[in-house]
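Worksheet: the structure to be examined is printed underneath.
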Amino acid sequence: MDHLVFEVGTALVLVAIAALIASKLNFSIIPFLILVGMIVGPHAPQIGIINLRFIHSAELIEFLGRIGILFLLFYLGLEFSTSKLIRSGKSILIGGSVYIGINLTLGLLYPLILGFPLKETLIIAGIITVSSSAIVAKVLVDLRRTGNSETELILGIIMFEDIFLAVYLSTISGLILGESSSLVGTMISVLISLGYMLLFFIIARKAAPLLNKLLKISSDEIFIIVIFATLFFIAGFSETIHVAEAIGALLLGLVYSETDQAERMEHLVIPFRDFFGAIFFFSFGLSIDPMKLGGAVWLTLGAVLITIIGNFVAGQIAGKIAGLSHKASTNIGLTIVSRGEFSIIMANLGIAGGLMPILQPFSALYVLILAILGPILTKESKVIFSFLNRIFKWQKPGLSKQQSS
């Protein structure tokens with residue numbers, strides 16, 4: 001423990017190097033941070049006094065990464081308003097159902113066709129179905145797409161996924177680990193999640209005048225202490241009632257977005273969002289051992305292919321239902337293709353239940369590929385849309401920019 005600060009400092013130097021390389025190449029920082037994290041970690045050699053294994057600091061780095069997720073989702077919530085999301089409620093409900101339905105169906109069929117047993121099939125389906133809220137949030141912010149017409153639906157799908165997680169995790173963990181998981185218990189868990197989200201929407205609509213008075217703090221020092229205190233408390237409390245802590249941060253951001261202090265919060269949160277967000281993706285890379293990925297290559301490549309196709313189709317259908325253009329619908333499908341933290345959780349659940357060991361390298365390689373490919377596909381969505389538009393003739397050449405957005 002004597003070298004804890006030095007280890008964390010070494011990790012931050014690696015994060016800084018990855019960020020500089022990404023900046024020089026004018027590329028998303030996410031893939032570089034994940035790859036640098038993979039290169040080092042428990043499997044890396046020790047070079048003199050520089051320990052690249054991060055044995056003592058691993059838990060601390062992981063915790064700092066969790067803070068990064070909170071800031072990413074909190075900032076994303078600040079960029080929106082509850083009134084917009086409420087107006088899009090029907091589209092979000094239908095679009096979220098379409099998204100989960102298509103991806104879950106493909107996730108179940110793929111391992112069944114390959115001959116996997118039922119329990120392994122359910123785990124693989126869970127790994128494939130749900131996107132990474134942290135990566136999606138980071139990409140939306142980095143590419144400055146928070147103001148795009150389709151982003152409200154993307155945000156709604158992220159929250160819809162959390163409801164699905166409450167059902168799926170409680171059901172599958174009961175089946176895999178032998179814990180009691182009755183239908184009543186699952187329904188109660190879902191109702192708690194729904195009620196919790198609804199409560200925040202009500203607070204956002206009704207409590208804005210009171211919050212404006214409470215947040216009228218002249219000192220930036222005290223102001224940011226108050227904001228961070230509520231952020232961590234709400235995120236932590238959310239986790240205790242089985243609502244993802246990141247969703248709690250997102251909901252709090254939505255509440256604060258209705259206040260007069262929203263712009264001030266955004267300005268103060270940005271440095272923390274960028275710093276801790278970078279640590280999250282580095283920490284994510286640390287959890288992946290590249291030496292164990294080889295045995296799951298073909299299984300993973302097939303899963304990546306069906307995920308991209310499933311997300312694209314789901315994006316098109318959800319976008320059309322919401323009245324969005326094909327261009328905006330393409331953005332939806334490509335933005336939410338990234339996979340991350342939930343997929344790793346599902347794989348760990350399978351391993352804890354004594355299922356096939358291939359689940360761990362499969363999930364790691366699957367998440368790695370889509371965590372890298374997702375931001376690239378999102379950034380190049382205009383090029384991809386132009387290519388597809390030449391094939392499907394969605395948009396006439398003379399259509400104005402306003403009409404196509």
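Numbering starts fresh at 1 for the residues of each chain in the structure tokens, the chains themselves are lettered A, B, ... in the order given, and ligands are numbered from 1 as they appear.
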
Fill in: Filtered DSSP result for range 219-324 of chain A, state helix (DSSP H, G or I), as a PyMOL selection string
chain A and resi 220-240+245-256+262-286+290-292+294-321

Item to complete: Show which residues sit within 9 Å of Phe281 in chain A, as a PyMOL selection string. Count only C-alpha atoms, and ignore same-chain residues fewer than 4 positions away.
Response: chain A and resi 30-34+37+65+68+135+277+285-286

Next, dump the selected residues to file, keeping only N, CA and C atoms, as a tab-separated table (two decimals), in the first residue's frame.
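The file below, out_32.tsv, is the result:
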chain	number	residue	atom	x	y	z
A	30	ILE	N	-12.00	6.67	-26.46
A	30	ILE	CA	-12.44	5.43	-25.81
A	30	ILE	C	-11.62	4.21	-26.21
A	31	PRO	N	-11.46	3.91	-27.50
A	31	PRO	CA	-10.68	2.71	-27.87
A	31	PRO	C	-9.25	2.73	-27.35
A	32	PHE	N	-8.62	3.90	-27.38
A	32	PHE	CA	-7.23	4.00	-26.93
A	32	PHE	C	-7.12	3.73	-25.43
A	33	LEU	N	-8.06	4.24	-24.65
A	33	LEU	CA	-8.03	4.01	-23.21
A	33	LEU	C	-8.24	2.54	-22.88
A	34	ILE	N	-9.16	1.89	-23.59
A	34	ILE	CA	-9.41	0.47	-23.35
A	34	ILE	C	-8.19	-0.37	-23.73
A	37	GLY	N	-5.37	0.03	-21.24
A	37	GLY	CA	-5.70	-0.74	-20.05
A	37	GLY	C	-5.46	-2.22	-20.24
A	65	GLY	N	-13.35	4.81	-11.65
A	65	GLY	CA	-14.05	4.59	-12.91
A	65	GLY	C	-15.56	4.63	-12.73
A	68	GLY	N	-16.69	7.96	-12.72
A	68	GLY	CA	-16.75	8.47	-14.09
A	68	GLY	C	-18.09	8.21	-14.76
A	135	ILE	N	-20.64	4.26	-22.38
A	135	ILE	CA	-20.04	4.54	-23.69
A	135	ILE	C	-20.98	5.38	-24.54
A	277	GLY	N	-14.28	10.00	-16.36
A	277	GLY	CA	-14.75	9.18	-17.48
A	277	GLY	C	-13.59	8.46	-18.15
A	285	GLY	N	-10.46	-1.56	-19.48
A	285	GLY	CA	-9.40	-2.27	-20.19
A	285	GLY	C	-8.58	-3.15	-19.26
A	286	LEU	N	-8.34	-2.68	-18.03
A	286	LEU	CA	-7.58	-3.45	-17.05
A	286	LEU	C	-8.22	-4.80	-16.74

Discussion item. My list of candidates is A:Ile157, A:Met356, A:Leu198, A:Val304. Which is closest to Ala318 in chain A when distances are computed with only C-alpha atoms?
Written reply: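 Once distances to Ala318 in chain A are computed over only C-alpha atoms, the minimum belongs to A:Ile157.
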
Worksheet item: Please, what distance in Å, to one decimal, runs between CA of Lys327 in chain A and CA of Lys138 in chain A?
Response: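 Going from CA of Lys327 in chain A over to CA of Lys138 in chain A covers 20.7 Å.
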
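Using only C-alpha atoms, the smallest distance between any of A:Gly323, A:Gly340, A:Pro357, A:Gly310 and Ser132 in chain A comes from A:Gly340.
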